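**Student:** Handing you a structure now.
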Amino acid sequence: MSAGLLVVGTTLTWFAATHFGYAAGLAGKPGHLRVASCSWSRAGGHRYPHCHGTFRSTGGAVVDPGATIDTKLRVGSTVTLQRTSPGTYEQPGLPASCGWLALTQLGLLTLLLALLAARNKHGTRRTPRPLRLIIGTLATTTLVSVLAGGVVGVAGAF
């Protein structure tokens, strides 16, 4: 069980931390997308937006006329984006940053639980106080991050 939690925690932490960097504007190439068109695709009974246009990096070094982001945007608008290393795009901002931060923290919590499971497997049942404090703090800040991202996301929708 500890090995499974370790793999899940490591994968989730790495994936979410990478996206957090882009959403917070700490990684990738910043720039703007001028939305030329949007289309919708269907999968599993749901509709998904895809908006296309020209991405120009802030310094002008990167111009991508075939840029696509899977977010509903208004045609003709210009939005701030981060170009990721694989060449995809993310919209930076507080709601996205809070969401990816919460998932990163969830991954770290999973890693800590993997360590606890491995420790308990060897007969130790008592969790040290510092570890309990770390787990409690991570759990609390994860919930605060989710709440903050939700509130800012809903407020931005109006």
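Chain labels run A, B, ... following the order of the structure tokens; each chain numbers its residues from 1, and ligands are numbered from 1 in the order shown.
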Any idea what's packed within 12 Å of A:Tyr48, counting only C-alpha atoms, ignoring anything in its chain fewer than 3 positions away? Could you give it as a ChimeraX atom specification?

**Tutor:** /A:38-45,51,69-73

**Student:** Apply DSSP to the structure's backbone, then extract all residues of chain A labelled helix (DSSP H, G or I) and return them as JSON, numbers by chain.

**Tutor:** {"A": [2, 3, 4, 5, 6, 7, 8, 9, 10, 11, 12, 13, 14, 15, 16, 17, 18, 19, 20, 21, 22, 23, 94, 95, 96, 97, 98, 99, 100, 101, 102, 103, 104, 105, 106, 107, 108, 109, 110, 111, 112, 113, 114, 115, 116, 117, 118, 119, 120, 121, 129, 130, 131, 132, 133, 134, 135, 136, 137, 138, 139, 140, 141, 142, 143, 144, 145, 146, 147, 148, 149, 150, 151, 152, 153, 154, 155, 156, 157]}

**Student:** Produce a file of the selected residues containing C-alpha atoms, as a tab-separated table (two decimals), in the first residue's frame.

**Tutor:**
```
chain	number	residue	atom	x	y	z
A	2	SER	CA	2.82	2.41	0.83
A	3	ALA	CA	4.42	1.86	-2.58
A	4	GLY	CA	1.13	2.68	-4.34
A	5	LEU	CA	0.65	5.83	-2.26
A	6	LEU	CA	4.26	6.82	-2.95
A	7	VAL	CA	3.78	6.49	-6.73
A	8	VAL	CA	0.46	8.36	-6.69
A	9	GLY	CA	1.82	11.10	-4.41
A	10	THR	CA	4.97	11.60	-6.48
A	11	THR	CA	3.08	11.69	-9.79
A	12	LEU	CA	0.38	14.05	-8.50
A	13	THR	CA	2.91	16.39	-6.86
A	14	TRP	CA	5.09	16.58	-9.99
A	15	PHE	CA	2.15	17.06	-12.38
A	16	ALA	CA	0.37	19.67	-10.24
A	17	ALA	CA	3.54	21.58	-9.31
A	18	THR	CA	4.45	21.86	-13.00
A	19	HIS	CA	1.04	23.30	-13.87
A	20	PHE	CA	1.12	25.55	-10.78
A	21	GLY	CA	4.30	27.12	-12.15
A	22	TYR	CA	2.57	27.95	-15.42
A	23	ALA	CA	-0.66	29.16	-13.76
A	94	LEU	CA	-5.34	33.32	-9.10
A	95	PRO	CA	-8.14	30.73	-9.55
A	96	ALA	CA	-5.92	28.40	-11.59
A	97	SER	CA	-2.97	28.96	-9.26
A	98	CYS	CA	-5.07	28.11	-6.20
A	99	GLY	CA	-6.41	24.97	-7.86
A	100	TRP	CA	-2.98	23.68	-8.91
A	101	LEU	CA	-1.54	24.63	-5.51
A	102	ALA	CA	-4.28	22.60	-3.80
A	103	LEU	CA	-3.50	19.58	-6.00
A	104	THR	CA	0.23	19.97	-5.28
A	105	GLN	CA	-0.52	19.99	-1.57
A	106	LEU	CA	-2.77	16.95	-1.97
A	107	GLY	CA	0.15	15.16	-3.63
A	108	LEU	CA	2.41	16.09	-0.72
A	109	LEU	CA	-0.22	14.83	1.73
A	110	THR	CA	-0.33	11.55	-0.18
A	111	LEU	CA	3.47	11.29	0.07
A	112	LEU	CA	3.30	11.87	3.83
A	113	LEU	CA	0.60	9.23	4.15
A	114	ALA	CA	2.84	6.82	2.23
A	115	LEU	CA	5.61	7.48	4.75
A	116	LEU	CA	3.18	6.94	7.63
A	117	ALA	CA	1.92	3.70	6.09
A	118	ALA	CA	5.50	2.44	5.69
A	119	ARG	CA	6.34	3.50	9.25
A	120	ASN	CA	3.24	1.79	10.69
A	121	LYS	CA	4.00	-1.38	8.73
A	129	ARG	CA	3.90	15.44	16.84
A	130	PRO	CA	5.92	17.33	14.15
A	131	LEU	CA	4.54	15.02	11.47
A	132	ARG	CA	0.99	15.51	12.74
A	133	LEU	CA	1.53	19.29	12.61
A	134	ILE	CA	2.83	19.10	9.04
A	135	ILE	CA	-0.11	16.95	7.95
A	136	GLY	CA	-2.62	19.24	9.69
A	137	THR	CA	-1.05	22.37	8.20
A	138	LEU	CA	-0.96	20.88	4.69
A	139	ALA	CA	-4.58	19.72	4.97
A	140	THR	CA	-5.70	23.14	6.21
A	141	THR	CA	-3.83	25.12	3.56
A	142	THR	CA	-5.14	22.76	0.88
A	143	LEU	CA	-8.72	23.50	1.92
A	144	VAL	CA	-8.02	27.25	2.12
A	145	SER	CA	-6.48	27.15	-1.37
A	146	VAL	CA	-9.51	25.33	-2.78
A	147	LEU	CA	-11.87	27.80	-1.09
A	148	ALA	CA	-9.90	30.85	-2.27
A	149	GLY	CA	-9.69	29.54	-5.83
A	150	GLY	CA	-13.41	28.81	-5.86
A	151	VAL	CA	-14.39	32.21	-4.50
A	152	VAL	CA	-12.09	34.09	-6.90
A	153	GLY	CA	-13.22	31.91	-9.82
A	154	VAL	CA	-16.91	32.48	-9.11
A	155	ALA	CA	-16.36	36.21	-8.53
A	156	GLY	CA	-14.48	36.46	-11.83
A	157	ALA	CA	-17.36	34.77	-13.67
```

**Student:** Write out as a list in words which residues come within 8 Å of A:Asp64 when counting only C-alpha atoms, dropping same-chain ones fewer than 4 positions away.

**Tutor:**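 The filter keeps Thr54, Phe55 and Arg56 of chain A.
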
**Student:** Just want the 6 Å neighbourhood of stretch 82-88 of chain A, counted on only C-alpha atoms, with same-chain residues fewer than 3 positions away dropped. Output as a ChimeraX atom specification.

**Tutor:** /A:28-30

**Student:** Write the residues you've just listed into a file as a compact mmCIF listing (two decimals), in the first residue's frame, and include all heavy atoms for each of them.

**Tutor:**
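Written output follows (part_12.txt):
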```txt
# COMPACT_ATOMS: atom_id res chain seq x y z
N GLY A 28 7.36 29.03 -18.18
CA GLY A 28 6.80 29.21 -19.52
C GLY A 28 7.09 30.59 -20.08
O GLY A 28 7.74 31.42 -19.45
N LYS A 29 6.60 30.82 -21.27
CA LYS A 29 6.77 32.11 -21.95
C LYS A 29 5.47 32.89 -21.85
O LYS A 29 4.44 32.46 -22.37
CB LYS A 29 7.11 31.89 -23.42
CG LYS A 29 8.48 31.36 -23.67
CD LYS A 29 9.08 32.08 -24.86
CE LYS A 29 10.45 31.58 -25.17
NZ LYS A 29 11.48 32.10 -24.32
N PRO A 30 5.48 34.05 -21.21
CA PRO A 30 4.27 34.85 -21.14
C PRO A 30 3.98 35.55 -22.47
O PRO A 30 4.90 35.83 -23.24
CB PRO A 30 4.59 35.88 -20.05
CG PRO A 30 6.08 36.00 -20.07
CD PRO A 30 6.60 34.65 -20.50
```

**Student:** For a test of reading the model, state the distance in Å between atom CA of A:Gly76 and atom CA of A:Leu26, rounded to one decimal.

**Tutor:** 27.0 Å
